[in-house]
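Asks: Handing over run19.cif, mmCIF, C-alpha atoms.
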data_my_file
#
loop_
_atom_site.group_PDB
_atom_site.id
_atom_site.type_symbol
_atom_site.label_atom_id
_atom_site.label_comp_id
_atom_site.auth_asym_id
_atom_site.auth_seq_id
_atom_site.Cartn_x
_atom_site.Cartn_y
_atom_site.Cartn_z
ATOM 1 C CA MET A 1 101.332 70.108 126.906
ATOM 2 C CA ARG A 2 104.381 71.044 124.817
ATOM 3 C CA ILE A 3 103.605 72.320 121.301
ATOM 4 C CA PRO A 4 106.402 72.944 118.762
ATOM 5 C CA PHE A 5 106.480 76.618 117.807
ATOM 6 C CA THR A 6 108.108 78.222 114.755
ATOM 7 C CA GLN A 7 107.864 81.886 113.861
ATOM 8 C CA VAL A 8 108.411 82.621 110.192
ATOM 9 C CA ASP A 9 108.725 85.884 108.291
ATOM 10 C CA ALA A 10 106.734 85.079 105.152
ATOM 11 C CA PHE A 11 107.146 86.864 101.821
ATOM 12 C CA ALA A 12 110.561 87.971 103.086
ATOM 13 C CA ASP A 13 114.134 87.266 101.996
ATOM 14 C CA ARG A 14 115.577 88.559 105.288
ATOM 15 C CA ALA A 15 114.531 88.678 108.922
ATOM 16 C CA PHE A 16 112.332 91.530 110.140
ATOM 17 C CA ALA A 17 110.596 91.926 106.777
ATOM 18 C CA GLY A 18 107.472 90.357 105.317
ATOM 19 C CA ASN A 19 104.691 89.131 107.578
ATOM 20 C CA PRO A 20 105.461 87.069 110.704
ATOM 21 C CA ALA A 21 103.313 84.001 111.355
ATOM 22 C CA ALA A 22 103.444 81.358 114.063
ATOM 23 C CA VAL A 23 103.226 77.759 112.845
ATOM 24 C CA MET A 24 102.157 75.174 115.423
ATOM 25 C CA PRO A 25 101.675 71.467 114.589
ATOM 26 C CA LEU A 26 99.189 69.543 116.735
ATOM 27 C CA ALA A 27 98.243 65.873 116.980
ATOM 28 C CA THR A 28 94.506 66.583 117.232
ATOM 29 C CA TRP A 29 92.266 69.636 117.372
ATOM 30 C CA PRO A 30 91.675 71.131 120.825
ATOM 31 C CA ASP A 31 88.649 73.286 121.545
ATOM 32 C CA ASP A 32 88.437 76.449 119.442
ATOM 33 C CA THR A 33 88.664 78.584 122.568
ATOM 34 C CA VAL A 34 92.122 77.093 123.183
ATOM 35 C CA LEU A 35 93.247 77.873 119.636
ATOM 36 C CA LEU A 36 92.061 81.463 119.977
ATOM 37 C CA ALA A 37 93.770 81.830 123.357
ATOM 38 C CA ILE A 38 97.063 80.606 121.860
ATOM 39 C CA ALA A 39 96.719 83.073 118.969
ATOM 40 C CA GLN A 40 96.068 85.869 121.447
ATOM 41 C CA GLU A 41 99.156 84.872 123.422
ATOM 42 C CA ASN A 42 101.277 84.848 120.260
ATOM 43 C CA ASN A 43 99.833 88.257 119.307
ATOM 44 C CA LEU A 44 100.793 87.952 115.643
ATOM 45 C CA SER A 45 98.567 88.740 112.693
ATOM 46 C CA GLU A 46 98.068 84.981 112.293
ATOM 47 C CA THR A 47 98.842 81.729 114.029
ATOM 48 C CA ALA A 48 98.617 78.684 111.755
ATOM 49 C CA PHE A 49 97.686 75.322 113.282
ATOM 50 C CA LEU A 50 98.406 72.016 111.508
ATOM 51 C CA VAL A 51 96.940 68.572 112.192
ATOM 52 C CA PRO A 52 97.694 65.473 110.061
ATOM 53 C CA ASP A 53 94.733 64.991 107.718
ATOM 54 C CA PRO A 54 92.848 61.912 108.944
ATOM 55 C CA ASN A 55 90.960 61.614 105.640
ATOM 56 C CA GLY A 56 94.091 61.339 103.532
ATOM 57 C CA GLU A 57 92.756 64.034 101.182
ATOM 58 C CA ALA A 58 95.792 66.179 101.939
ATOM 59 C CA ASP A 59 98.907 66.072 104.074
ATOM 60 C CA TYR A 60 97.534 68.319 106.810
ATOM 61 C CA GLU A 61 94.439 70.130 107.907
ATOM 62 C CA LEU A 62 95.188 73.848 108.309
ATOM 63 C CA ARG A 63 93.427 76.602 110.265
ATOM 64 C CA TRP A 64 94.401 80.215 110.938
ATOM 65 C CA PHE A 65 93.563 82.466 113.877
ATOM 66 C CA THR A 66 94.172 86.176 114.395
ATOM 67 C CA PRO A 67 94.161 87.428 118.003
ATOM 68 C CA ALA A 68 90.458 88.180 117.463
ATOM 69 C CA ALA A 69 88.966 85.341 115.386
ATOM 70 C CA GLU A 70 89.424 82.409 113.024
ATOM 71 C CA ILE A 71 89.649 83.501 109.384
ATOM 72 C CA ALA A 72 88.667 81.856 106.106
ATOM 73 C CA LEU A 73 91.920 82.322 104.175
ATOM 74 C CA CYS A 74 95.466 83.325 105.105
ATOM 75 C CA GLY A 75 98.124 83.319 102.423
ATOM 76 C CA HIS A 76 101.197 84.198 104.458
ATOM 77 C CA GLY A 77 100.259 81.695 107.194
ATOM 78 C CA THR A 78 99.955 78.986 104.531
ATOM 79 C CA LEU A 79 103.282 79.934 102.969
ATOM 80 C CA ALA A 80 104.913 79.863 106.411
ATOM 81 C CA SER A 81 103.360 76.457 107.125
ATOM 82 C CA GLY A 82 104.703 75.113 103.842
ATOM 83 C CA HIS A 83 108.136 76.474 104.709
ATOM 84 C CA VAL A 84 108.126 74.690 108.082
ATOM 85 C CA VAL A 85 107.027 71.353 106.595
ATOM 86 C CA LEU A 86 109.371 71.469 103.611
ATOM 87 C CA SER A 87 112.347 72.690 105.645
ATOM 88 C CA SER A 88 112.067 69.573 107.785
ATOM 89 C CA ASP A 89 112.323 67.285 104.714
ATOM 90 C CA PRO A 90 114.748 68.514 102.012
ATOM 91 C CA ASP A 91 113.673 65.727 99.629
ATOM 92 C CA ARG A 92 110.036 66.775 99.663
ATOM 93 C CA ALA A 93 108.844 68.864 96.695
ATOM 94 C CA GLY A 94 105.551 70.135 98.076
ATOM 95 C CA VAL A 95 102.805 69.893 100.670
ATOM 96 C CA ARG A 96 99.008 70.025 100.438
ATOM 97 C CA PHE A 97 96.768 71.530 103.100
ATOM 98 C CA ARG A 98 93.038 70.956 103.501
ATOM 99 C CA THR A 99 91.182 73.978 104.886
ATOM 100 C CA ARG A 100 87.657 74.433 106.150
ATOM 101 C CA ARG A 101 86.536 77.324 103.967
ATOM 102 C CA SER A 102 89.113 77.691 101.186
ATOM 103 C CA GLY A 103 89.521 74.156 99.871
ATOM 104 C CA GLU A 104 92.905 72.550 99.281
ATOM 105 C CA LEU A 105 95.987 74.770 99.140
ATOM 106 C CA ASP A 106 99.396 73.718 97.809
ATOM 107 C CA VAL A 107 102.878 74.995 98.643
ATOM 108 C CA THR A 108 105.703 73.794 96.383
ATOM 109 C CA ARG A 109 109.392 74.624 96.136
ATOM 110 C CA ASP A 110 110.300 77.386 93.671
ATOM 111 C CA GLY A 111 114.043 77.938 93.587
ATOM 112 C CA ALA A 112 115.147 79.166 97.004
ATOM 113 C CA GLY A 113 111.550 80.097 97.819
ATOM 114 C CA TYR A 114 108.059 78.717 97.392
ATOM 115 C CA ALA A 115 104.981 78.876 95.182
ATOM 116 C CA LEU A 116 101.633 79.115 96.944
ATOM 117 C CA ALA A 117 98.449 78.243 95.025
ATOM 118 C CA LEU A 118 95.330 80.019 96.311
ATOM 119 C CA PRO A 119 91.790 80.186 94.911
ATOM 120 C CA ALA A 120 91.318 83.177 92.594
ATOM 121 C CA LEU A 121 88.798 85.601 94.099
ATOM 122 C CA PRO A 122 88.039 88.035 91.260
ATOM 123 C CA PRO A 123 86.286 91.188 92.504
ATOM 124 C CA SER A 124 83.494 93.104 90.803
ATOM 125 C CA PRO A 125 82.821 96.859 90.652
ATOM 126 C CA ARG A 126 80.743 98.163 93.555
ATOM 127 C CA ALA A 127 80.297 101.523 95.217
ATOM 128 C CA LEU A 128 81.850 101.443 98.700
ATOM 129 C CA PRO A 129 81.178 104.921 100.124
ATOM 130 C CA GLY A 130 81.712 103.988 103.765
ATOM 131 C CA VAL A 131 85.024 102.252 103.069
ATOM 132 C CA VAL A 132 86.240 105.095 100.852
ATOM 133 C CA ALA A 133 85.364 107.689 103.496
ATOM 134 C CA ALA A 134 87.163 105.704 106.184
ATOM 135 C CA LEU A 135 90.228 105.307 103.972
ATOM 136 C CA GLY A 136 90.256 108.995 103.097
ATOM 137 C CA VAL A 137 91.192 108.311 99.456
ATOM 138 C CA ASP A 138 90.019 109.322 95.973
ATOM 139 C CA PRO A 139 89.828 105.992 94.113
ATOM 140 C CA VAL A 140 89.708 105.478 90.383
ATOM 141 C CA ALA A 141 87.630 102.326 91.021
ATOM 142 C CA THR A 142 86.142 100.386 93.916
ATOM 143 C CA LEU A 143 85.715 96.616 93.855
ATOM 144 C CA TRP A 144 84.110 93.964 96.024
ATOM 145 C CA HIS A 145 84.252 90.212 96.559
ATOM 146 C CA ASP A 146 81.570 88.523 98.658
ATOM 147 C CA GLY A 147 84.153 86.831 100.871
ATOM 148 C CA GLY A 148 84.448 90.167 102.673
ATOM 149 C CA TYR A 149 87.091 91.844 100.494
ATOM 150 C CA ALA A 150 86.843 95.548 99.645
ATOM 151 C CA VAL A 151 89.263 97.129 97.167
ATOM 152 C CA ALA A 152 90.031 100.763 96.385
ATOM 153 C CA VAL A 153 92.124 101.183 93.238
ATOM 154 C CA LEU A 154 94.182 104.380 93.464
ATOM 155 C CA ALA A 155 96.002 106.424 90.854
ATOM 156 C CA ASP A 156 99.589 105.674 91.799
ATOM 157 C CA GLU A 157 101.994 104.266 94.392
ATOM 158 C CA ALA A 158 102.316 107.597 96.176
ATOM 159 C CA ALA A 159 98.578 107.569 96.916
ATOM 160 C CA VAL A 160 98.816 104.039 98.340
ATOM 161 C CA ARG A 161 101.710 104.994 100.598
ATOM 162 C CA ALA A 162 99.955 108.189 101.744
ATOM 163 C CA CYS A 163 96.742 106.398 102.791
ATOM 164 C CA THR A 164 95.994 106.995 106.507
ATOM 165 C CA PRO A 165 92.715 105.239 107.328
ATOM 166 C CA ASP A 166 90.395 106.089 110.173
ATOM 167 C CA GLN A 167 90.754 102.660 111.768
ATOM 168 C CA HIS A 168 87.676 103.010 114.002
ATOM 169 C CA ALA A 169 85.474 104.018 111.074
ATOM 170 C CA LEU A 170 86.912 101.221 108.951
ATOM 171 C CA ALA A 171 86.156 98.661 111.667
ATOM 172 C CA GLN A 172 82.552 99.851 111.701
ATOM 173 C CA GLU A 173 82.199 98.713 108.087
ATOM 174 C CA GLY A 174 82.310 95.102 109.327
ATOM 175 C CA PRO A 175 84.698 92.131 109.231
ATOM 176 C CA LEU A 176 86.422 93.109 105.985
ATOM 177 C CA LEU A 177 89.865 92.897 104.474
ATOM 178 C CA VAL A 178 90.229 96.355 102.939
ATOM 179 C CA ILE A 179 92.833 96.718 100.191
ATOM 180 C CA VAL A 180 94.253 99.794 98.482
ATOM 181 C CA THR A 181 96.231 99.125 95.302
ATOM 182 C CA ALA A 182 97.761 100.971 92.354
ATOM 183 C CA PRO A 183 100.395 100.646 89.636
ATOM 184 C CA GLY A 184 103.838 100.444 91.215
ATOM 185 C CA ASP A 185 107.030 102.380 90.627
ATOM 186 C CA ALA A 186 109.603 99.568 90.966
ATOM 187 C CA THR A 187 107.101 96.686 90.664
ATOM 188 C CA ASP A 188 104.046 96.222 88.465
ATOM 189 C CA ILE A 189 101.602 96.799 91.330
ATOM 190 C CA VAL A 190 101.642 97.897 94.954
ATOM 191 C CA SER A 191 99.110 97.463 97.729
ATOM 192 C CA ARG A 192 98.363 97.836 101.418
ATOM 193 C CA ALA A 193 95.787 95.907 103.473
ATOM 194 C CA PHE A 194 93.783 96.868 106.562
ATOM 195 C CA THR A 195 91.582 94.674 108.745
ATOM 196 C CA PRO A 196 90.858 96.433 112.047
ATOM 197 C CA ALA A 197 87.699 94.387 112.627
ATOM 198 C CA TYR A 198 89.982 91.360 113.098
ATOM 199 C CA GLY A 199 92.241 93.205 115.513
ATOM 200 C CA ILE A 200 94.912 94.086 112.920
ATOM 201 C CA ALA A 201 95.210 97.731 111.904
ATOM 202 C CA GLU A 202 97.475 97.012 108.926
ATOM 203 C CA ASP A 203 98.563 93.572 107.782
ATOM 204 C CA PRO A 204 102.221 93.634 106.666
ATOM 205 C CA VAL A 205 101.950 91.285 103.640
ATOM 206 C CA THR A 206 98.693 89.600 102.683
ATOM 207 C CA GLY A 207 98.424 86.590 100.390
ATOM 208 C CA ALA A 208 94.626 86.619 100.455
ATOM 209 C CA ALA A 209 94.604 90.230 99.253
ATOM 210 C CA HIS A 210 96.561 89.186 96.172
ATOM 211 C CA ALA A 211 94.115 86.336 95.502
ATOM 212 C CA VAL A 212 91.589 89.168 95.083
ATOM 213 C CA ILE A 213 93.564 91.851 93.266
ATOM 214 C CA ALA A 214 95.660 89.594 90.988
ATOM 215 C CA PRO A 215 92.717 88.728 88.680
ATOM 216 C CA TYR A 216 91.868 92.450 88.400
ATOM 217 C CA TRP A 217 95.449 93.415 87.565
ATOM 218 C CA ALA A 218 95.908 90.521 85.133
ATOM 219 C CA THR A 219 93.009 91.921 83.107
ATOM 220 C CA ARG A 220 94.161 95.522 83.412
ATOM 221 C CA LEU A 221 97.820 94.762 82.590
ATOM 222 C CA GLY A 222 96.906 92.324 79.834
ATOM 223 C CA ARG A 223 99.152 89.553 81.163
ATOM 224 C CA ASP A 224 98.929 86.775 83.708
ATOM 225 C CA THR A 225 102.348 87.193 85.375
ATOM 226 C CA PHE A 226 103.537 90.301 87.200
ATOM 227 C CA THR A 227 105.395 91.562 90.262
ATOM 228 C CA ALA A 228 103.891 93.040 93.409
ATOM 229 C CA PHE A 229 105.041 94.864 96.515
ATOM 230 C CA GLN A 230 102.969 95.340 99.672
ATOM 231 C CA ALA A 231 104.032 98.746 100.939
ATOM 232 C CA SER A 232 103.620 98.277 104.674
ATOM 233 C CA ALA A 233 106.290 99.334 107.165
ATOM 234 C CA ARG A 234 107.861 95.841 106.950
ATOM 235 C CA GLY A 235 107.183 95.402 103.234
ATOM 236 C CA GLY A 236 107.053 92.269 101.146
ATOM 237 C CA ARG A 237 107.667 91.235 97.535
ATOM 238 C CA ILE A 238 105.330 88.815 95.820
ATOM 239 C CA GLY A 239 105.417 87.230 92.396
ATOM 240 C CA CYS A 240 101.897 86.839 90.996
ATOM 241 C CA ARG A 241 100.629 84.438 88.350
ATOM 242 C CA VAL A 242 96.975 83.879 87.453
ATOM 243 C CA GLU A 243 96.226 80.342 86.269
ATOM 244 C CA GLY A 244 92.515 80.038 85.607
ATOM 245 C CA ALA A 245 90.765 79.514 88.934
ATOM 246 C CA ARG A 246 94.036 79.753 90.887
ATOM 247 C CA VAL A 247 96.372 82.558 91.817
ATOM 248 C CA VAL A 248 99.949 81.370 92.342
ATOM 249 C CA LEU A 249 102.058 83.580 94.602
ATOM 250 C CA ARG A 250 105.822 83.277 94.742
ATOM 251 C CA GLY A 251 107.640 84.257 97.947
ATOM 252 C CA ASP A 252 110.546 83.572 100.260
ATOM 253 C CA CYS A 253 110.468 82.730 103.968
ATOM 254 C CA VAL A 254 112.879 83.200 106.862
ATOM 255 C CA THR A 255 112.607 81.339 110.181
ATOM 256 C CA THR A 256 113.231 83.712 113.097
ATOM 257 C CA ILE A 257 112.157 81.754 116.215
ATOM 258 C CA GLU A 258 112.049 78.050 117.074
ATOM 259 C CA GLY A 259 110.892 76.763 120.429
ATOM 260 C CA VAL A 260 108.132 75.177 122.457
ATOM 261 C CA PHE A 261 104.782 76.638 123.510
ATOM 262 C CA LEU A 262 103.828 75.389 127.003
ATOM 263 C CA LEU A 263 100.066 74.903 127.128
ATOM 264 C CA PRO A 264 98.752 74.514 130.691
#
Please rewrite the model in this file as structure tokens.
Replies:
Amino acid sequence: MRIPFTQVDAFADRAFAGNPAAVMPLATWPDDTVLLAIAQENNLSETAFLVPDPNGEADYELRWFTPAAEIALCGHGTLASGHVVLSSDPDRAGVRFRTRRSGELDVTRDGAGYALALPALPPSPRALPGVVAALGVDPVATLWHDGGYAVAVLADEAAVRACTPDQHALAQEGPLLVIVTAPGDATDIVSRAFTPAYGIAEDPVTGAAHAVIAPYWATRLGRDTFTAFQASARGGRIGCRVEGARVVLRGDCVTTIEGVFLLP
């Protein structure tokens, strides 16, 4: 079986930046064990699989797999999927994806890049002693969202960049996306994201993390639109806009690999 394969650097305006995702369109869904095996072979933070939506509720069904498991929400994989679909049809303005656990997600053109609409996941204050100890940080606040998102708000960008988590201890806290964030120097906010329980020590640029922290920062900054930078080794710039129950993320994409995946 020959499956089209595109690797995209999402939230990047040049190759070798942002977060790489594989995008693989399928005619129908194979067994989940096959999808996981493909994601393990790709060995990227996420592989996005697309199938035409048989219900007509959206253009495609969309699922995302890390090398360890299927996940509920992946922003950069959705942005990359939108890039692949829209790049193939210059006259198309947008694409809608139907997902299993995050509802319908839209990617639309925004200048030379794209706007990605995700559900807003506003966090609430909660003590997170195990996460804080594993991160080795001194937060000014800790926040939680029941989707499995833990947030440590730090004093400044330098503290975010200096964070060196104990990855084993962090994995023991469960299947979490752990985010550290602070006011930025050159952008309004900065962040980093860790998810060792899903087989990813540090995710380069994480759309889902910004669905969580954007509502917090909109309240703290007193405005709904602001700039963000995820300060991983690859790095990625994200425009953030909070629109009621949605967080709209603006980002660029660069295709780096096109080919065919040969499935035995």
Asks: Using all atoms listed in the file, can you tell me which of A:Leu118, A:Leu36, A:Val190, A:Val178 comes closest to A:Arg246?
Replies: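 Nearest candidate to A:Arg246 out of A:Leu118, A:Leu36, A:Val190, A:Val178: A:Leu118.
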Asks: For A:Ala193, which residue among A:Phe97, A:Tyr149, A:Phe261, A:Phe11 is the nearest when counting only C-alpha atoms?
Replies: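 Closest to A:Ala193 of all the choices is A:Tyr149.
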Asks: Find the residues around stretch 172-174 of chain A up to 8 Å (only C-alpha atoms counted), leave out those fewer than 5 positions away in its own chain, and share them as a list in words.
Replies: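 Listing them by chain and then by number gives Gly130, Val131 and Ala197 of chain A.
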Asks: Enumerate, as a PyMOL selection string, the residues matched when the PyMOL selection byres ((chain A and resi 1) around 12) is run on the file above.
Replies: chain A and resi 2-4+26-27+30+260-264
Asks: Compare A:Arg250, A:Arg63, A:Arg241, A:Arg234 by their minimum atom-to-atom distance to A:Ala17, counting all atoms listed in the file, and give me the closest one.
Replies: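 Of all the options, A:Arg234 lies closest to A:Ala17.
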Asks: Using only C-alpha atoms, list the residues that have an atom at most 12 Å from (90.6, 69.3, 116.0), coordinates as in the file, as a PyMOL selection string.
Replies: chain A and resi 25-35+49-54+60-63+100
Asks: For the residues selected in the previous step, produce a file with C-alpha atoms as a JSON list (two decimals), in the coordinates of the input.
Replies:
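Result file follows (again36.json):
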[["chain", "number", "residue", "atom", "x", "y", "z"],
["A", 25, "PRO", "CA", 101.68, 71.47, 114.59],
["A", 26, "LEU", "CA", 99.19, 69.54, 116.74],
["A", 27, "ALA", "CA", 98.24, 65.87, 116.98],
["A", 28, "THR", "CA", 94.51, 66.58, 117.23],
["A", 29, "TRP", "CA", 92.27, 69.64, 117.37],
["A", 30, "PRO", "CA", 91.68, 71.13, 120.82],
["A", 31, "ASP", "CA", 88.65, 73.29, 121.54],
["A", 32, "ASP", "CA", 88.44, 76.45, 119.44],
["A", 33, "THR", "CA", 88.66, 78.58, 122.57],
["A", 34, "VAL", "CA", 92.12, 77.09, 123.18],
["A", 35, "LEU", "CA", 93.25, 77.87, 119.64],
["A", 49, "PHE", "CA", 97.69, 75.32, 113.28],
["A", 50, "LEU", "CA", 98.41, 72.02, 111.51],
["A", 51, "VAL", "CA", 96.94, 68.57, 112.19],
["A", 52, "PRO", "CA", 97.69, 65.47, 110.06],
["A", 53, "ASP", "CA", 94.73, 64.99, 107.72],
["A", 54, "PRO", "CA", 92.85, 61.91, 108.94],
["A", 60, "TYR", "CA", 97.53, 68.32, 106.81],
["A", 61, "GLU", "CA", 94.44, 70.13, 107.91],
["A", 62, "LEU", "CA", 95.19, 73.85, 108.31],
["A", 63, "ARG", "CA", 93.43, 76.60, 110.26],
["A", 100, "ARG", "CA", 87.66, 74.43, 106.15]]
Asks: Run the PyMOL selection byres ((chain A and resi 147) around 9) on the file and write out the hits as a PDB file with C-alpha atoms, in the coordinates of the input.
Replies:
ATOM      1  CA  ALA A  72      88.667  81.856 106.106  1.00  0.00           C
ATOM      2  CA  LEU A 121      88.798  85.601  94.099  1.00  0.00           C
ATOM      3  CA  TRP A 144      84.110  93.964  96.024  1.00  0.00           C
ATOM      4  CA  HIS A 145      84.252  90.212  96.559  1.00  0.00           C
ATOM      5  CA  ASP A 146      81.570  88.523  98.658  1.00  0.00           C
ATOM      6  CA  GLY A 148      84.448  90.167 102.673  1.00  0.00           C
ATOM      7  CA  TYR A 149      87.091  91.844 100.494  1.00  0.00           C
ATOM      8  CA  LEU A 176      86.422  93.109 105.985  1.00  0.00           C
TER       9      LEU A 176
END
Asks: How many Å separate atom CA of A:Ala120 from atom CA of A:Gly82?
Replies: 19.3 Å
Asks: If you count all atoms listed in the file, which residues fall within 9 Å of stretch 179-182 of chain A, apart from same-chain ones fewer than 3 positions away, as a PDB file with C-alpha atoms, in the frame of the given file?
Replies:
ATOM      1  CA  LEU A 135      90.228 105.307 103.972  1.00  0.00           C
ATOM      2  CA  PRO A 139      89.828 105.992  94.113  1.00  0.00           C
ATOM      3  CA  TYR A 149      87.091  91.844 100.494  1.00  0.00           C
ATOM      4  CA  ALA A 150      86.843  95.548  99.645  1.00  0.00           C
ATOM      5  CA  VAL A 151      89.263  97.129  97.167  1.00  0.00           C
ATOM      6  CA  ALA A 152      90.031 100.763  96.385  1.00  0.00           C
ATOM      7  CA  VAL A 153      92.124 101.183  93.238  1.00  0.00           C
ATOM      8  CA  LEU A 154      94.182 104.380  93.464  1.00  0.00           C
ATOM      9  CA  ALA A 155      96.002 106.424  90.854  1.00  0.00           C
ATOM     10  CA  ASP A 156      99.589 105.674  91.799  1.00  0.00           C
ATOM     11  CA  GLU A 157     101.994 104.266  94.392  1.00  0.00           C
ATOM     12  CA  ALA A 158     102.316 107.597  96.176  1.00  0.00           C
ATOM     13  CA  ALA A 159      98.578 107.569  96.916  1.00  0.00           C
ATOM     14  CA  VAL A 160      98.816 104.039  98.340  1.00  0.00           C
ATOM     15  CA  CYS A 163      96.742 106.398 102.791  1.00  0.00           C
ATOM     16  CA  ASP A 188     104.046  96.222  88.465  1.00  0.00           C
ATOM     17  CA  ILE A 189     101.602  96.799  91.330  1.00  0.00           C
ATOM     18  CA  VAL A 190     101.642  97.897  94.954  1.00  0.00           C
ATOM     19  CA  SER A 191      99.110  97.463  97.729  1.00  0.00           C
ATOM     20  CA  ARG A 192      98.363  97.836 101.418  1.00  0.00           C
ATOM     21  CA  ALA A 193      95.787  95.907 103.473  1.00  0.00           C
ATOM     22  CA  PHE A 194      93.783  96.868 106.562  1.00  0.00           C
ATOM     23  CA  THR A 195      91.582  94.674 108.745  1.00  0.00           C
ATOM     24  CA  ALA A 209      94.604  90.230  99.253  1.00  0.00           C
ATOM     25  CA  ILE A 213      93.564  91.851  93.266  1.00  0.00           C
ATOM     26  CA  GLN A 230     102.969  95.340  99.672  1.00  0.00           C
TER      27      GLN A 230
END
Asks: List every protein, DNA or RNA residue that has at least one atom no more than 8 Å from (92.7, 88.0, 102.1) in the file's coordinates, counting all atoms listed in the file, and write the result as a count of residues only.
Replies: 12
Asks: Quick one: everything within 7 Å of A:Ile238, counting only C-alpha atoms, minus sequence neighbours fewer than 5 positions away in the same chain. Send it as a compact mmCIF listing (two decimals) with C-alpha atoms, keeping the file's coordinate frame.
Replies:
# COMPACT_ATOMS: atom_id res chain seq x y z
CA PHE A 11 107.15 86.86 101.82
CA THR A 227 105.40 91.56 90.26
CA ALA A 228 103.89 93.04 93.41
CA PHE A 229 105.04 94.86 96.52
CA LEU A 249 102.06 83.58 94.60
CA ARG A 250 105.82 83.28 94.74
CA GLY A 251 107.64 84.26 97.95
Asks: What's around A:Pro125 at 8 Å? Count all atoms listed in the file, leave out sequence neighbours fewer than 6 positions away in its own chain, and write the answer as a count of residues only.
Replies: 4
Asks: Considering all atoms listed in the file, can you say which of A:Asn55, A:Thr78, A:Thr99, A:Ser45 comes closest to A:Tyr114?
Replies: A:Thr78
Asks: Can you pull out every residue within 12 Å of A:Arg223, counting only C-alpha atoms, but drop anything in the same chain fewer than 4 positions away, and send it as a VMD selection string?
Replies: chain A and resid 188 214 to 219 227 240 to 243
